[in-house]
Amino acid sequence: MGGAAGAELYEAAYSRAVPGGLRPRVNARAKRASPIYPYLSPNSTPIATFHWAILGLGKIAHSFATDLQRVEDAKLVAVGSRSQERASAFAKQYGAEHAAGSYGATFDGPRVDAVYIATPHTSHRELTLMCLERGIPVLCEKPLGLSFAEVTEMIETARRTGTYLMEALWSRFLPALVEVKSMIDSGAIGQVESLRADFGFLGEPREDFDRDRLYNPALGGGALLDIGIYPIWLAQYIFGAPESIHATARLTELGADIDTQVTLRYAGGELAHCYSTLLGITKCDALILGSEASLHIHPRFHESRGYSILRGKDVPPENHYHAFEGKGYLFEARAVMKDVRAGRTESAQWSLDDSLVLHRTLTKVRELIGVRYPGEPSEDR
Ligand SMILES: NC(=O)c1ccc[n+]([C@@H]2O[C@H](COP(=O)([O-])OP(=O)(O)OC[C@H]3O[C@@H](n4cnc5c(N)ncnc54)[C@H](OP(=O)(O)O)[C@@H]3O)[C@@H](O)[C@H]2O)c1
């Protein structure tokens, strides 16, 4: 997959004025009463509680499950792990009634209205396809797939089956970042010229390399897909799809990128500088330069609670602060619930076209820095 099909999908996405994305589509199949979309049955009363499942019970699954407890009309009902013991312990901790010792068996229990896929990057494609083919709406962790080819296949499957799919780019749903975009679109800083964003931390390699999803290329390891995705996402959020892409990186002996600089240029000449590193802590700052002012997104920008507009050294900064709830994942969870309940098959805020554009950029960057995952033929990216 990828190749011609991917290019065609991408061209269509590009021409639909990214980052506005697609208008949400309503799933006609879902509108006829289906067990997956019971809210939409014409004769039934709306179901108050939205049933979630989680696959892969690691670090981020705990954060998401903790946040779900704060969403009034949501309940975690099923969890799936490669280990029955881990599934049972997790289910007990968060009150899920069904604990499965395999991902497939997760759906053998109560009704599931959406599943959150929280496994390493390398299994996102396979698990997403499994769920989509069963008609189960999917919120899949970032990166949606390992490559443009994988993402193309996942999106085609979602569209063919008429089943909801969204990449869990949670930052897109944070109130502060939603407002940053509308401030910029309203001309609050004038003509936007450039952006600089960084994301770095000291990533200690794990002793059990087989589970080291940061450094092990077989698990999609490297800075780019783990954290570099955020600055590049921010650039796309502000400027849309890039016209040209330049990148340089330092790689480990096994070929994972650990220190990666990406420069993007846009149709109007605008520039974005995106840096990610596993070699040290950075401020995780984002600064957007406009012709009348600059906008500083408070660090860490991908989980920001506010921003400041800077008009010059003699003018006090205009500070804006926003509500933040839980760990920040409940904003995306609520967005998915709203979409699925409305019968939409993708998000208007972070559409499948948006993911396609993002993954085209990420895959081009990998080509430029020479990162190829095991088993990945160069022409299939
Ligand atoms: N949105 C965010 O802020 C954020 C933050 C961190 C990570 N993430 C994303 O979330 C995903 C998971 O990250 P994480 O930090 O939660 O990873 P993690 O702690 O290693 O957990 C991943 C889980 O996936 C399952 N798994 C399936 N195949 C595996 C394999 N071959 N090796 C290791 N684990 C495997 C395991 O659960 P079972 O043993 O229960 O099956 C494991 O606990 C990644 O794609 C990452 O990019 C997002």
# chains A, B, ... in the order shown; residues from 1 in each chain; ligands from 1
>>> select_by_dssp(residues="range 154-366 of chain A", states="strand (DSSP E or B)", output="PyMOL selection string")
chain A and resi 165-168+192-200+202+244-251+257-265+271-277+279+286-290+294-297+306-310+318-321+344
>>> residues_near_ligand(ligand="ligand 1", cutoff="8 Å", atoms="only C-alpha atoms and all ligand atoms", output="JSON, numbers by chain")
{"A": [55, 56, 57, 58, 59, 60, 61, 62, 80, 81, 82, 83, 86, 87, 102, 103, 117, 118, 119, 120, 121, 122, 123, 124, 141, 142, 143, 168, 169, 170, 210, 211, 212, 213, 219, 225, 226, 227, 329]}
>>> closest_residue(among="A:Ile369, A:Ile238, A:Leu295, A:Leu144", to="Gln261 in chain A", atoms="only C-alpha atoms")
A:Ile369
>>> select_by_dssp(residues="range 133-357 of chain A", states="alpha helix (DSSP H)", output="ChimeraX atom specification")
/A:133,148-161,175-185,223,229-239,330-341,352-357
>>> residues_around(residues="Leu165 in chain A", least_positions_apart="3", cutoff="10 Å", atoms="only C-alpha atoms", output="mmCIF file with C-alpha atoms, in the first residue's frame")
data_model
loop_
_atom_site.group_PDB
_atom_site.id
_atom_site.type_symbol
_atom_site.label_atom_id
_atom_site.label_comp_id
_atom_site.auth_asym_id
_atom_site.auth_seq_id
_atom_site.Cartn_x
_atom_site.Cartn_y
_atom_site.Cartn_z
ATOM 1 C CA ALA A 114 -14.704 3.036 21.046
ATOM 2 C CA VAL A 115 -11.304 1.526 21.652
ATOM 3 C CA THR A 128 -6.376 -0.605 14.189
ATOM 4 C CA CYS A 131 -10.860 -3.088 15.183
ATOM 5 C CA LEU A 132 -11.990 -1.229 12.062
ATOM 6 C CA ILE A 136 -15.302 -0.625 16.324
ATOM 7 C CA PRO A 137 -14.465 3.117 16.406
ATOM 8 C CA VAL A 138 -10.751 3.660 17.076
ATOM 9 C CA LEU A 139 -8.697 6.297 18.836
ATOM 10 C CA CYS A 140 -5.126 5.211 18.044
ATOM 11 C CA LEU A 144 -1.035 6.613 13.693
ATOM 12 C CA MET A 154 -5.464 2.505 7.802
ATOM 13 C CA ILE A 155 -7.348 5.492 6.423
ATOM 14 C CA THR A 157 -9.844 0.827 5.726
ATOM 15 C CA ALA A 158 -11.638 3.341 7.946
ATOM 16 C CA ARG A 159 -13.301 4.910 4.902
ATOM 17 C CA GLY A 162 -17.340 3.546 7.421
ATOM 18 C CA ALA A 168 -4.620 10.530 19.338
ATOM 19 C CA VAL A 336 -14.207 11.156 20.144
ATOM 20 C CA VAL A 340 -19.135 8.779 17.534
ATOM 21 C CA ARG A 344 -19.297 10.950 12.324
ATOM 22 C CA THR A 345 -16.528 8.751 10.958
ATOM 23 C CA GLU A 346 -13.732 11.211 11.552
ATOM 24 C CA SER A 347 -12.882 14.282 13.543
ATOM 25 C CA SER A 351 -9.138 14.688 10.417
ATOM 26 C CA LEU A 352 -7.756 11.712 8.556
#
>>> closest_residue(among="A:Lys181, A:Arg70, A:Arg172, A:His296", to="Gly326 in chain A", atoms="only C-alpha atoms")
A:Arg70
>>> closest_residue(among="A:Asp339, A:Asp185, A:Glu367, A:Glu204", to="Asp113 in chain A", atoms="only C-alpha atoms")
A:Asp339
>>> residues_around(residues="Asp67 in chain A", least_positions_apart="6", cutoff="9 Å", atoms="only C-alpha atoms", output="ChimeraX atom specification")
/A:325-330,333
>>> decode(residues="range 355-379 of chain A", atoms="N, CA and C atoms", output="PDB file, in the first residue's frame")
ATOM      1  N   SER A 355      -3.952  13.712   9.316  1.00  0.00           N
ATOM      2  CA  SER A 355      -2.974  12.656   9.643  1.00  0.00           C
ATOM      3  C   SER A 355      -2.168  12.268   8.410  1.00  0.00           C
ATOM      4  N   LEU A 356      -2.843  12.216   7.282  1.00  0.00           N
ATOM      5  CA  LEU A 356      -2.155  11.839   6.039  1.00  0.00           C
ATOM      6  C   LEU A 356      -1.039  12.837   5.714  1.00  0.00           C
ATOM      7  N   VAL A 357      -1.350  14.101   5.838  1.00  0.00           N
ATOM      8  CA  VAL A 357      -0.348  15.140   5.555  1.00  0.00           C
ATOM      9  C   VAL A 357       0.808  15.030   6.553  1.00  0.00           C
ATOM     10  N   LEU A 358       0.478  14.856   7.820  1.00  0.00           N
ATOM     11  CA  LEU A 358       1.518  14.761   8.854  1.00  0.00           C
ATOM     12  C   LEU A 358       2.456  13.582   8.578  1.00  0.00           C
ATOM     13  N   HIS A 359       1.861  12.447   8.200  1.00  0.00           N
ATOM     14  CA  HIS A 359       2.696  11.256   8.013  1.00  0.00           C
ATOM     15  C   HIS A 359       3.454  11.286   6.695  1.00  0.00           C
ATOM     16  N   ARG A 360       2.977  12.048   5.763  1.00  0.00           N
ATOM     17  CA  ARG A 360       3.787  12.248   4.547  1.00  0.00           C
ATOM     18  C   ARG A 360       5.053  13.014   4.934  1.00  0.00           C
ATOM     19  N   THR A 361       4.880  14.051   5.760  1.00  0.00           N
ATOM     20  CA  THR A 361       6.045  14.831   6.195  1.00  0.00           C
ATOM     21  C   THR A 361       7.016  13.943   6.990  1.00  0.00           C
ATOM     22  N   LEU A 362       6.488  13.190   7.950  1.00  0.00           N
ATOM     23  CA  LEU A 362       7.363  12.366   8.795  1.00  0.00           C
ATOM     24  C   LEU A 362       8.117  11.328   7.963  1.00  0.00           C
ATOM     25  N   THR A 363       7.438  10.758   6.995  1.00  0.00           N
ATOM     26  CA  THR A 363       8.075   9.728   6.173  1.00  0.00           C
ATOM     27  C   THR A 363       9.140  10.350   5.267  1.00  0.00           C
ATOM     28  N   LYS A 364       8.851  11.548   4.750  1.00  0.00           N
ATOM     29  CA  LYS A 364       9.871  12.257   3.943  1.00  0.00           C
ATOM     30  C   LYS A 364      11.093  12.567   4.804  1.00  0.00           C
ATOM     31  N   VAL A 365      10.853  12.983   6.038  1.00  0.00           N
ATOM     32  CA  VAL A 365      11.972  13.287   6.939  1.00  0.00           C
ATOM     33  C   VAL A 365      12.812  12.023   7.143  1.00  0.00           C
ATOM     34  N   ARG A 366      12.155  10.898   7.360  1.00  0.00           N
ATOM     35  CA  ARG A 366      12.908   9.644   7.559  1.00  0.00           C
ATOM     36  C   ARG A 366      13.746   9.307   6.327  1.00  0.00           C
ATOM     37  N   GLU A 367      13.178   9.551   5.154  1.00  0.00           N
ATOM     38  CA  GLU A 367      13.959   9.296   3.926  1.00  0.00           C
ATOM     39  C   GLU A 367      15.212  10.172   3.932  1.00  0.00           C
ATOM     40  N   LEU A 368      15.038  11.440   4.332  1.00  0.00           N
ATOM     41  CA  LEU A 368      16.170  12.385   4.297  1.00  0.00           C
ATOM     42  C   LEU A 368      17.246  12.037   5.315  1.00  0.00           C
ATOM     43  N   ILE A 369      16.833  11.522   6.482  1.00  0.00           N
ATOM     44  CA  ILE A 369      17.837  11.243   7.525  1.00  0.00           C
ATOM     45  C   ILE A 369      18.288   9.780   7.505  1.00  0.00           C
ATOM     46  N   GLY A 370      17.695   8.995   6.627  1.00  0.00           N
ATOM     47  CA  GLY A 370      18.148   7.606   6.450  1.00  0.00           C
ATOM     48  C   GLY A 370      17.650   6.655   7.529  1.00  0.00           C
ATOM     49  N   VAL A 371      16.455   6.886   8.051  1.00  0.00           N
ATOM     50  CA  VAL A 371      15.900   5.945   9.034  1.00  0.00           C
ATOM     51  C   VAL A 371      14.894   5.035   8.330  1.00  0.00           C
ATOM     52  N   ARG A 372      15.205   3.739   8.402  1.00  0.00           N
ATOM     53  CA  ARG A 372      14.291   2.758   7.809  1.00  0.00           C
ATOM     54  C   ARG A 372      14.054   1.663   8.845  1.00  0.00           C
ATOM     55  N   TYR A 373      12.796   1.314   9.061  1.00  0.00           N
ATOM     56  CA  TYR A 373      12.510   0.287  10.070  1.00  0.00           C
ATOM     57  C   TYR A 373      12.682  -1.102   9.484  1.00  0.00           C
ATOM     58  N   PRO A 374      13.015  -2.084  10.342  1.00  0.00           N
ATOM     59  CA  PRO A 374      13.243  -3.437   9.844  1.00  0.00           C
ATOM     60  C   PRO A 374      12.061  -3.928   9.008  1.00  0.00           C
ATOM     61  N   GLY A 375      12.385  -4.487   7.869  1.00  0.00           N
ATOM     62  CA  GLY A 375      11.337  -5.058   7.013  1.00  0.00           C
ATOM     63  C   GLY A 375      10.642  -4.038   6.147  1.00  0.00           C
ATOM     64  N   GLU A 376      11.083  -2.780   6.199  1.00  0.00           N
ATOM     65  CA  GLU A 376      10.390  -1.741   5.438  1.00  0.00           C
ATOM     66  C   GLU A 376      11.120  -1.490   4.112  1.00  0.00           C
ATOM     67  N   PRO A 377      10.518  -1.883   2.990  1.00  0.00           N
ATOM     68  CA  PRO A 377      11.183  -1.598   1.725  1.00  0.00           C
ATOM     69  C   PRO A 377      11.112  -0.105   1.412  1.00  0.00           C
ATOM     70  N   SER A 378      12.166   0.454   0.813  1.00  0.00           N
ATOM     71  CA  SER A 378      12.203   1.906   0.630  1.00  0.00           C
ATOM     72  C   SER A 378      11.054   2.405  -0.235  1.00  0.00           C
ATOM     73  N   GLU A 379      10.682   1.610  -1.261  1.00  0.00           N
ATOM     74  CA  GLU A 379       9.642   2.114  -2.186  1.00  0.00           C
ATOM     75  C   GLU A 379       8.236   2.042  -1.579  1.00  0.00           C
TER      76      GLU A 379
END
